[in-house]
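Q: Here it is: the structure, laid out below.
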Amino acid sequence: GRRIVVTAGPTHEAIDPARFVGNRSSGKMGAAIAAAAQRRGAEVTLLLGPSSVPEPVGVTVVRVESAFDLQDALATAVKSADVIVMSAAVADYRPAKPAAQKLKRSELGQKTAIELVANPDLLAGLGKQRGAKKAPLLVGFAAETNDVIANAKKKLASKKCDLIVANDVSEAGAGFGVDTNRVTLVDAAGSIDLPAGPKTHVAHGIVDRVVALLEPEPKRRKR
Ligand code: CTP
């Protein structure tokens with residue numbers, strides 16, 4: 001009965017109608033989290049970037065292309081959410097002036113450059129917006145190649161979220177594109193390594209932690 005919004009996949013930032021700036025995210029981890037939450041009886045909305053991952057059954061899927069599209073879709077989806085899981089690999093920068101027509105090689109010559117401007121940090125925006133209310137529960141990801149836990153702790157604080165799912169994207173069998181993952185869950189209570197395995201299993205481990213954070217163990221009654 002809980003409402004969960006999951007974002008997944010890369011974003012594509014247009015250079016011109018034919019080309020984009022993007023990243024290696026496949027959307028598999030986010031789609032697996034959406035499917036796992038749906039299996040537990042949640043009402044799930046998946047905001048999915050350009051990805052060929054099969055859309056999970058029983059989940060409301062909203063397709064997005066760019067970081068700005070995702071920001072717009074989030075603004076609507078989060079209104080009634082109990083949990084937001086930001087597994088999308090949102091592009092940090094976008095071309096400053098996307099061309100309306102395809103750029104021609106003959107005009108660009110042997111060397112060219114694309115000016116990029118920063119995209120908004122959507123997760124940090126959600127963390128700020130929710131203020132002291134601490135609702136909805138906010139889960140972020142940290143894609144790292146070094147100092148994974150230290151960097152994840154920094155993101156937990158700077159983006160004001162409740163849980164960070166940290167993964168070393170340079171590790172074989174983890175991170176972008178592959179069907180398996182190995183993640184560490186970092187929250188205010190400390191960090192837990194989940195067993196390495198298929199993203200479908202890792203997703204259930206992440207949802208377990210979300211459930212625990214939503215429903216903290218009842219305090220022991222005083223005798
Ligand atoms: N994120 C976001 N908006 C962005 C960039 C990232 O909402 N413009 C979110 C991602 O969905 C993820 C978290 O922030 O949940 C961390 O993303 P990550 O790529 O690991 O870190 P960045 O914030 O982009 O920082 P850096 O690339 O410097 O590590």
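Following the order of the structure tokens, chains are lettered A, B, ..., residues in each are numbered from 1, and ligands are numbered from 1.
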Region 111-113 of chain A: which residues within 12 Å, counting only C-alpha atoms, same-chain residues fewer than 4 positions away excluded, as a list in words?
A: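 The neighbour list is Ile15, Pro95, Ala96, Lys97, Leu103, Lys104, Arg105, Ser106 and Glu107 of chain A.
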Q: Can you list every residue in region 24-220 of chain A that DSSP puts in alpha helix (DSSP H), as a ChimeraX atom specification?
A: /A:28-39,67-77,105-108,122-130,148-158,199-214
Q: Could you give me the residues within 6 Å of ligand 1, counting only C-alpha atoms and all ligand atoms, as a ChimeraX atom specification?
A: /A:86-92,119-123,140-143
Q: How about saving the chosen residues, N, CA, C and O atoms kept, as a short mmCIF file (atom, residue, chain, number, x, y, z; two decimals), in the first residue's frame?
A:
```
data_model
loop_
_atom_site.label_atom_id
_atom_site.label_comp_id
_atom_site.auth_asym_id
_atom_site.auth_seq_id
_atom_site.Cartn_x
_atom_site.Cartn_y
_atom_site.Cartn_z
N MET A 86 16.21 7.23 -6.10
CA MET A 86 16.84 7.88 -7.25
C MET A 86 17.97 7.02 -7.80
O MET A 86 19.14 7.27 -7.53
N SER A 87 17.59 5.99 -8.56
CA SER A 87 18.67 5.17 -9.14
C SER A 87 19.07 5.65 -10.54
O SER A 87 20.01 5.12 -11.12
N ALA A 88 18.37 6.64 -11.08
CA ALA A 88 18.76 7.16 -12.40
C ALA A 88 20.15 7.78 -12.35
O ALA A 88 20.53 8.40 -11.35
N ALA A 89 20.88 7.57 -13.43
CA ALA A 89 22.18 8.23 -13.58
C ALA A 89 21.93 9.52 -14.36
O ALA A 89 22.00 9.55 -15.59
N VAL A 90 21.56 10.54 -13.60
CA VAL A 90 21.20 11.83 -14.21
C VAL A 90 22.48 12.49 -14.75
O VAL A 90 23.47 12.57 -14.03
N ALA A 91 22.44 12.93 -16.01
CA ALA A 91 23.63 13.61 -16.57
C ALA A 91 23.90 14.87 -15.77
O ALA A 91 22.98 15.65 -15.50
N ASP A 92 25.14 15.06 -15.37
CA ASP A 92 25.48 16.23 -14.56
C ASP A 92 25.56 17.51 -15.39
O ASP A 92 25.42 18.60 -14.85
N ASN A 119 23.55 20.63 -14.96
CA ASN A 119 22.14 20.32 -14.71
C ASN A 119 21.85 20.48 -13.23
O ASN A 119 22.77 20.38 -12.40
N PRO A 120 20.59 20.67 -12.86
CA PRO A 120 20.27 20.70 -11.43
C PRO A 120 20.51 19.33 -10.81
O PRO A 120 20.37 18.31 -11.49
N ASP A 121 20.91 19.31 -9.54
CA ASP A 121 21.02 18.04 -8.80
C ASP A 121 19.62 17.72 -8.27
O ASP A 121 19.14 18.35 -7.32
N LEU A 122 18.95 16.78 -8.91
CA LEU A 122 17.54 16.52 -8.59
C LEU A 122 17.39 15.94 -7.19
O LEU A 122 16.48 16.33 -6.45
N LEU A 123 18.28 15.02 -6.81
CA LEU A 123 18.19 14.40 -5.48
C LEU A 123 18.42 15.46 -4.39
O LEU A 123 17.65 15.52 -3.41
N GLY A 140 19.16 7.60 -2.28
CA GLY A 140 20.01 7.97 -3.40
C GLY A 140 20.99 6.86 -3.74
O GLY A 140 21.13 5.89 -2.97
N PHE A 141 21.64 6.99 -4.86
CA PHE A 141 22.70 6.07 -5.25
C PHE A 141 24.02 6.82 -5.25
O PHE A 141 24.03 8.05 -5.34
N ALA A 142 25.11 6.10 -5.13
CA ALA A 142 26.42 6.72 -5.32
C ALA A 142 27.21 5.82 -6.25
O ALA A 142 27.50 4.68 -5.91
N ALA A 143 27.49 6.32 -7.44
CA ALA A 143 28.32 5.59 -8.40
C ALA A 143 29.74 6.09 -8.20
O ALA A 143 30.03 7.26 -8.45
#
```
Q: Using only C-alpha atoms, determine which residues lie at most 6 Å from Thr45 (chain A), disregarding the query and same-chain residues fewer than 3 positions distant; provide the list as an MDAnalysis selection string.
A: chainID A and resid 5 59:61
Q: Smallest atom-to-atom distance to Glu65 (chain A): which of A:Leu194, A:Val21, A:Ala150, A:Ala32, using only C-alpha atoms?
A: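 Going through A:Leu194, A:Val21, A:Ala150, A:Ala32 one by one, the smallest distance to Glu65 (chain A) is for A:Val21.
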Q: When you look at Pro54 (chain A) with a cut-off of 10 Å (counting only C-alpha atoms), what residues show up, excluding the ones that are within fewer than 5 positions of it in the same chain? I need them as a list in words.
A: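 Answer for this query is Gly27, Lys28 and Ala31 of chain A.
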Q: Per DSSP on the backbone, what are the strand (DSSP E) residues of region 12-193 of chain A, as a PDB file with N, CA, C and O atoms, in the first residue's frame?
A:
```
ATOM      1  N   GLU A  13      21.105  14.170 -23.071  1.00  0.00           N
ATOM      2  CA  GLU A  13      21.080  15.634 -23.202  1.00  0.00           C
ATOM      3  C   GLU A  13      21.436  15.976 -24.642  1.00  0.00           C
ATOM      4  O   GLU A  13      22.550  15.668 -25.087  1.00  0.00           O
ATOM      5  N   ALA A  14      20.494  16.590 -25.353  1.00  0.00           N
ATOM      6  CA  ALA A  14      20.652  16.779 -26.803  1.00  0.00           C
ATOM      7  C   ALA A  14      21.807  17.714 -27.161  1.00  0.00           C
ATOM      8  O   ALA A  14      21.970  18.781 -26.565  1.00  0.00           O
ATOM      9  N   ILE A  15      22.607  17.248 -28.132  1.00  0.00           N
ATOM     10  CA  ILE A  15      23.610  18.119 -28.776  1.00  0.00           C
ATOM     11  C   ILE A  15      22.947  18.740 -30.011  1.00  0.00           C
ATOM     12  O   ILE A  15      23.020  19.930 -30.246  1.00  0.00           O
ATOM     13  N   ASP A  16      22.276  17.867 -30.764  1.00  0.00           N
ATOM     14  CA  ASP A  16      21.472  18.288 -31.924  1.00  0.00           C
ATOM     15  C   ASP A  16      20.403  17.206 -32.089  1.00  0.00           C
ATOM     16  O   ASP A  16      20.356  16.279 -31.265  1.00  0.00           O
ATOM     17  N   ARG A  19      22.205  13.683 -31.984  1.00  0.00           N
ATOM     18  CA  ARG A  19      23.267  13.285 -31.042  1.00  0.00           C
ATOM     19  C   ARG A  19      22.976  13.768 -29.627  1.00  0.00           C
ATOM     20  O   ARG A  19      22.241  14.735 -29.425  1.00  0.00           O
ATOM     21  N   PHE A  20      23.579  13.061 -28.673  1.00  0.00           N
ATOM     22  CA  PHE A  20      23.351  13.438 -27.274  1.00  0.00           C
ATOM     23  C   PHE A  20      24.596  13.209 -26.431  1.00  0.00           C
ATOM     24  O   PHE A  20      25.500  12.482 -26.826  1.00  0.00           O
ATOM     25  N   VAL A  21      24.584  13.779 -25.226  1.00  0.00           N
ATOM     26  CA  VAL A  21      25.559  13.466 -24.185  1.00  0.00           C
ATOM     27  C   VAL A  21      24.837  12.538 -23.217  1.00  0.00           C
ATOM     28  O   VAL A  21      23.703  12.837 -22.810  1.00  0.00           O
ATOM     29  N   GLU A  43       2.583   0.517  -4.502  1.00  0.00           N
ATOM     30  CA  GLU A  43       2.071   1.154  -5.720  1.00  0.00           C
ATOM     31  C   GLU A  43       3.271   1.899  -6.320  1.00  0.00           C
ATOM     32  O   GLU A  43       3.765   2.846  -5.698  1.00  0.00           O
ATOM     33  N   VAL A  44       3.746   1.427  -7.458  1.00  0.00           N
ATOM     34  CA  VAL A  44       5.046   1.898  -7.945  1.00  0.00           C
ATOM     35  C   VAL A  44       4.927   2.724  -9.222  1.00  0.00           C
ATOM     36  O   VAL A  44       4.234   2.333 -10.162  1.00  0.00           O
ATOM     37  N   THR A  45       5.618   3.864  -9.244  1.00  0.00           N
ATOM     38  CA  THR A  45       5.775   4.648 -10.471  1.00  0.00           C
ATOM     39  C   THR A  45       7.258   4.636 -10.829  1.00  0.00           C
ATOM     40  O   THR A  45       8.102   4.975  -9.992  1.00  0.00           O
ATOM     41  N   LEU A  46       7.553   4.217 -12.049  1.00  0.00           N
ATOM     42  CA  LEU A  46       8.936   4.172 -12.520  1.00  0.00           C
ATOM     43  C   LEU A  46       9.146   5.263 -13.556  1.00  0.00           C
ATOM     44  O   LEU A  46       8.490   5.275 -14.603  1.00  0.00           O
ATOM     45  N   LEU A  47      10.031   6.204 -13.252  1.00  0.00           N
ATOM     46  CA  LEU A  47      10.383   7.255 -14.209  1.00  0.00           C
ATOM     47  C   LEU A  47      11.641   6.767 -14.912  1.00  0.00           C
ATOM     48  O   LEU A  47      12.712   6.685 -14.293  1.00  0.00           O
ATOM     49  N   LEU A  48      11.486   6.385 -16.182  1.00  0.00           N
ATOM     50  CA  LEU A  48      12.536   5.635 -16.875  1.00  0.00           C
ATOM     51  C   LEU A  48      13.127   6.429 -18.041  1.00  0.00           C
ATOM     52  O   LEU A  48      12.407   6.830 -18.959  1.00  0.00           O
ATOM     53  N   THR A  60       3.471   1.645 -12.966  1.00  0.00           N
ATOM     54  CA  THR A  60       3.191   2.767 -13.870  1.00  0.00           C
ATOM     55  C   THR A  60       4.521   3.312 -14.378  1.00  0.00           C
ATOM     56  O   THR A  60       5.365   3.714 -13.565  1.00  0.00           O
ATOM     57  N   VAL A  61       4.721   3.279 -15.690  1.00  0.00           N
ATOM     58  CA  VAL A  61       6.003   3.724 -16.248  1.00  0.00           C
ATOM     59  C   VAL A  61       5.827   5.052 -16.978  1.00  0.00           C
ATOM     60  O   VAL A  61       4.918   5.196 -17.795  1.00  0.00           O
ATOM     61  N   VAL A  62       6.669   6.018 -16.648  1.00  0.00           N
ATOM     62  CA  VAL A  62       6.674   7.312 -17.338  1.00  0.00           C
ATOM     63  C   VAL A  62       8.039   7.444 -18.014  1.00  0.00           C
ATOM     64  O   VAL A  62       9.068   7.348 -17.337  1.00  0.00           O
ATOM     65  N   ARG A  63       8.048   7.588 -19.334  1.00  0.00           N
ATOM     66  CA  ARG A  63       9.325   7.672 -20.051  1.00  0.00           C
ATOM     67  C   ARG A  63       9.827   9.117 -20.077  1.00  0.00           C
ATOM     68  O   ARG A  63       9.035  10.049 -20.266  1.00  0.00           O
ATOM     69  N   VAL A  83       8.043   7.015  -0.611  1.00  0.00           N
ATOM     70  CA  VAL A  83       9.468   6.723  -0.817  1.00  0.00           C
ATOM     71  C   VAL A  83       9.869   7.179  -2.231  1.00  0.00           C
ATOM     72  O   VAL A  83       9.105   6.995  -3.174  1.00  0.00           O
ATOM     73  N   ILE A  84      11.056   7.764  -2.338  1.00  0.00           N
ATOM     74  CA  ILE A  84      11.621   8.068  -3.664  1.00  0.00           C
ATOM     75  C   ILE A  84      12.991   7.402  -3.743  1.00  0.00           C
ATOM     76  O   ILE A  84      13.830   7.594  -2.851  1.00  0.00           O
ATOM     77  N   VAL A  85      13.200   6.612  -4.778  1.00  0.00           N
ATOM     78  CA  VAL A  85      14.488   5.944  -4.974  1.00  0.00           C
ATOM     79  C   VAL A  85      15.110   6.502  -6.256  1.00  0.00           C
ATOM     80  O   VAL A  85      14.604   6.283  -7.353  1.00  0.00           O
ATOM     81  N   MET A  86      16.210   7.232  -6.096  1.00  0.00           N
ATOM     82  CA  MET A  86      16.838   7.881  -7.254  1.00  0.00           C
ATOM     83  C   MET A  86      17.971   7.017  -7.801  1.00  0.00           C
ATOM     84  O   MET A  86      19.143   7.269  -7.533  1.00  0.00           O
ATOM     85  N   TYR A  93      25.801  17.355 -16.705  1.00  0.00           N
ATOM     86  CA  TYR A  93      25.931  18.534 -17.576  1.00  0.00           C
ATOM     87  C   TYR A  93      25.130  18.320 -18.855  1.00  0.00           C
ATOM     88  O   TYR A  93      24.879  17.189 -19.251  1.00  0.00           O
ATOM     89  N   ARG A  94      24.748  19.409 -19.492  1.00  0.00           N
ATOM     90  CA  ARG A  94      24.051  19.335 -20.772  1.00  0.00           C
ATOM     91  C   ARG A  94      24.668  20.368 -21.720  1.00  0.00           C
ATOM     92  O   ARG A  94      25.222  21.384 -21.248  1.00  0.00           O
ATOM     93  N   PRO A  95      24.560  20.114 -23.015  1.00  0.00           N
ATOM     94  CA  PRO A  95      25.059  21.106 -23.962  1.00  0.00           C
ATOM     95  C   PRO A  95      24.358  22.448 -23.745  1.00  0.00           C
ATOM     96  O   PRO A  95      23.120  22.492 -23.610  1.00  0.00           O
ATOM     97  N   LEU A 116      29.323  22.846 -22.155  1.00  0.00           N
ATOM     98  CA  LEU A 116      28.355  22.192 -21.277  1.00  0.00           C
ATOM     99  C   LEU A 116      28.016  23.094 -20.104  1.00  0.00           C
ATOM    100  O   LEU A 116      28.876  23.839 -19.618  1.00  0.00           O
ATOM    101  N   VAL A 117      26.762  23.022 -19.656  1.00  0.00           N
ATOM    102  CA  VAL A 117      26.366  23.745 -18.440  1.00  0.00           C
ATOM    103  C   VAL A 117      25.795  22.734 -17.447  1.00  0.00           C
ATOM    104  O   VAL A 117      25.278  21.681 -17.844  1.00  0.00           O
ATOM    105  N   ALA A 118      25.884  23.040 -16.167  1.00  0.00           N
ATOM    106  CA  ALA A 118      25.474  22.090 -15.124  1.00  0.00           C
ATOM    107  C   ALA A 118      23.964  21.887 -15.127  1.00  0.00           C
ATOM    108  O   ALA A 118      23.195  22.836 -15.282  1.00  0.00           O
ATOM    109  N   LEU A 137      10.555   9.252   2.367  1.00  0.00           N
ATOM    110  CA  LEU A 137      11.874   8.639   2.571  1.00  0.00           C
ATOM    111  C   LEU A 137      12.673   8.778   1.267  1.00  0.00           C
ATOM    112  O   LEU A 137      12.144   8.482   0.200  1.00  0.00           O
ATOM    113  N   LEU A 138      13.904   9.233   1.401  1.00  0.00           N
ATOM    114  CA  LEU A 138      14.693   9.552   0.207  1.00  0.00           C
ATOM    115  C   LEU A 138      15.910   8.634   0.099  1.00  0.00           C
ATOM    116  O   LEU A 138      16.738   8.585   1.009  1.00  0.00           O
ATOM    117  N   VAL A 139      15.970   7.899  -1.022  1.00  0.00           N
ATOM    118  CA  VAL A 139      17.079   6.951  -1.242  1.00  0.00           C
ATOM    119  C   VAL A 139      17.864   7.408  -2.470  1.00  0.00           C
ATOM    120  O   VAL A 139      17.290   7.578  -3.547  1.00  0.00           O
ATOM    121  N   GLY A 140      19.161   7.596  -2.282  1.00  0.00           N
ATOM    122  CA  GLY A 140      20.014   7.974  -3.405  1.00  0.00           C
ATOM    123  C   GLY A 140      20.985   6.864  -3.738  1.00  0.00           C
ATOM    124  O   GLY A 140      21.132   5.893  -2.969  1.00  0.00           O
ATOM    125  N   PHE A 141      21.643   6.993  -4.865  1.00  0.00           N
ATOM    126  CA  PHE A 141      22.701   6.067  -5.250  1.00  0.00           C
ATOM    127  C   PHE A 141      24.020   6.823  -5.254  1.00  0.00           C
ATOM    128  O   PHE A 141      24.032   8.053  -5.342  1.00  0.00           O
ATOM    129  N   ALA A 142      25.108   6.104  -5.133  1.00  0.00           N
ATOM    130  CA  ALA A 142      26.420   6.721  -5.316  1.00  0.00           C
ATOM    131  C   ALA A 142      27.213   5.822  -6.250  1.00  0.00           C
ATOM    132  O   ALA A 142      27.505   4.681  -5.909  1.00  0.00           O
ATOM    133  N   ALA A 143      27.491   6.318  -7.440  1.00  0.00           N
ATOM    134  CA  ALA A 143      28.319   5.588  -8.404  1.00  0.00           C
ATOM    135  C   ALA A 143      29.739   6.085  -8.202  1.00  0.00           C
ATOM    136  O   ALA A 143      30.031   7.261  -8.450  1.00  0.00           O
ATOM    137  N   GLU A 144      30.604   5.202  -7.705  1.00  0.00           N
ATOM    138  CA  GLU A 144      31.957   5.633  -7.366  1.00  0.00           C
ATOM    139  C   GLU A 144      32.984   4.722  -8.029  1.00  0.00           C
ATOM    140  O   GLU A 144      32.667   3.583  -8.392  1.00  0.00           O
ATOM    141  N   LEU A 163      19.128   7.186   2.887  1.00  0.00           N
ATOM    142  CA  LEU A 163      19.875   5.969   2.552  1.00  0.00           C
ATOM    143  C   LEU A 163      20.614   6.199   1.245  1.00  0.00           C
ATOM    144  O   LEU A 163      20.045   6.783   0.314  1.00  0.00           O
ATOM    145  N   ILE A 164      21.872   5.752   1.208  1.00  0.00           N
ATOM    146  CA  ILE A 164      22.622   5.785  -0.057  1.00  0.00           C
ATOM    147  C   ILE A 164      23.006   4.354  -0.415  1.00  0.00           C
ATOM    148  O   ILE A 164      23.510   3.606   0.429  1.00  0.00           O
ATOM    149  N   VAL A 165      22.719   3.986  -1.648  1.00  0.00           N
ATOM    150  CA  VAL A 165      23.136   2.688  -2.179  1.00  0.00           C
ATOM    151  C   VAL A 165      24.422   2.942  -2.948  1.00  0.00           C
ATOM    152  O   VAL A 165      24.396   3.595  -4.001  1.00  0.00           O
ATOM    153  N   ALA A 166      25.538   2.467  -2.388  1.00  0.00           N
ATOM    154  CA  ALA A 166      26.835   2.793  -2.983  1.00  0.00           C
ATOM    155  C   ALA A 166      27.335   1.624  -3.809  1.00  0.00           C
ATOM    156  O   ALA A 166      27.274   0.474  -3.365  1.00  0.00           O
ATOM    157  N   ASN A 167      27.776   1.913  -5.011  1.00  0.00           N
ATOM    158  CA  ASN A 167      28.460   0.855  -5.748  1.00  0.00           C
ATOM    159  C   ASN A 167      29.698   1.349  -6.473  1.00  0.00           C
ATOM    160  O   ASN A 167      29.806   2.502  -6.878  1.00  0.00           O
ATOM    161  N   ASP A 168      30.666   0.402  -6.545  1.00  0.00           N
ATOM    162  CA  ASP A 168      31.921   0.675  -7.229  1.00  0.00           C
ATOM    163  C   ASP A 168      31.707   0.317  -8.691  1.00  0.00           C
ATOM    164  O   ASP A 168      31.672  -0.854  -9.056  1.00  0.00           O
ATOM    165  N   THR A 180      24.477  -8.058 -12.757  1.00  0.00           N
ATOM    166  CA  THR A 180      24.776  -8.293 -11.343  1.00  0.00           C
ATOM    167  C   THR A 180      25.256  -7.000 -10.685  1.00  0.00           C
ATOM    168  O   THR A 180      25.605  -6.047 -11.377  1.00  0.00           O
ATOM    169  N   ASN A 181      25.267  -7.024  -9.348  1.00  0.00           N
ATOM    170  CA  ASN A 181      25.749  -5.835  -8.638  1.00  0.00           C
ATOM    171  C   ASN A 181      26.260  -6.223  -7.259  1.00  0.00           C
ATOM    172  O   ASN A 181      25.936  -7.297  -6.735  1.00  0.00           O
ATOM    173  N   VAL A 183      26.587  -3.970  -3.733  1.00  0.00           N
ATOM    174  CA  VAL A 183      26.375  -2.623  -3.192  1.00  0.00           C
ATOM    175  C   VAL A 183      26.555  -2.604  -1.674  1.00  0.00           C
ATOM    176  O   VAL A 183      26.462  -3.643  -1.004  1.00  0.00           O
ATOM    177  N   THR A 184      26.823  -1.427  -1.158  1.00  0.00           N
ATOM    178  CA  THR A 184      26.866  -1.189   0.276  1.00  0.00           C
ATOM    179  C   THR A 184      25.792  -0.163   0.602  1.00  0.00           C
ATOM    180  O   THR A 184      25.673   0.850  -0.100  1.00  0.00           O
ATOM    181  N   LEU A 185      24.984  -0.476   1.617  1.00  0.00           N
ATOM    182  CA  LEU A 185      23.931   0.460   2.029  1.00  0.00           C
ATOM    183  C   LEU A 185      24.484   1.347   3.139  1.00  0.00           C
ATOM    184  O   LEU A 185      24.967   0.847   4.152  1.00  0.00           O
ATOM    185  N   VAL A 186      24.413   2.646   2.929  1.00  0.00           N
ATOM    186  CA  VAL A 186      24.971   3.590   3.897  1.00  0.00           C
ATOM    187  C   VAL A 186      23.836   4.478   4.406  1.00  0.00           C
ATOM    188  O   VAL A 186      23.140   5.123   3.612  1.00  0.00           O
ATOM    189  N   ASP A 187      23.637   4.460   5.735  1.00  0.00           N
ATOM    190  CA  ASP A 187      22.655   5.375   6.325  1.00  0.00           C
ATOM    191  C   ASP A 187      23.169   5.866   7.664  1.00  0.00           C
ATOM    192  O   ASP A 187      24.320   5.591   8.025  1.00  0.00           O
ATOM    193  N   GLY A 190      24.987   3.446   9.954  1.00  0.00           N
ATOM    194  CA  GLY A 190      26.251   2.828   9.555  1.00  0.00           C
ATOM    195  C   GLY A 190      26.157   2.261   8.151  1.00  0.00           C
ATOM    196  O   GLY A 190      25.351   2.733   7.350  1.00  0.00           O
ATOM    197  N   SER A 191      26.984   1.239   7.877  1.00  0.00           N
ATOM    198  CA  SER A 191      26.932   0.680   6.524  1.00  0.00           C
ATOM    199  C   SER A 191      26.810  -0.839   6.552  1.00  0.00           C
ATOM    200  O   SER A 191      27.322  -1.494   7.462  1.00  0.00           O
ATOM    201  N   ILE A 192      26.093  -1.377   5.574  1.00  0.00           N
ATOM    202  CA  ILE A 192      25.893  -2.821   5.455  1.00  0.00           C
ATOM    203  C   ILE A 192      26.262  -3.234   4.033  1.00  0.00           C
ATOM    204  O   ILE A 192      25.749  -2.650   3.069  1.00  0.00           O
ATOM    205  N   ASP A 193      27.123  -4.249   3.904  1.00  0.00           N
ATOM    206  CA  ASP A 193      27.432  -4.802   2.572  1.00  0.00           C
ATOM    207  C   ASP A 193      26.366  -5.826   2.222  1.00  0.00           C
ATOM    208  O   ASP A 193      26.153  -6.771   2.986  1.00  0.00           O
TER     209      ASP A 193
END
```
Q: Ranking A:Ile33, A:Val6, A:Val207, A:Val178 by minimum distance to Ala77 (chain A) and counting only C-alpha atoms, which one comes first?
A: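 The answer is A:Val6, which sits nearest to Ala77 (chain A).
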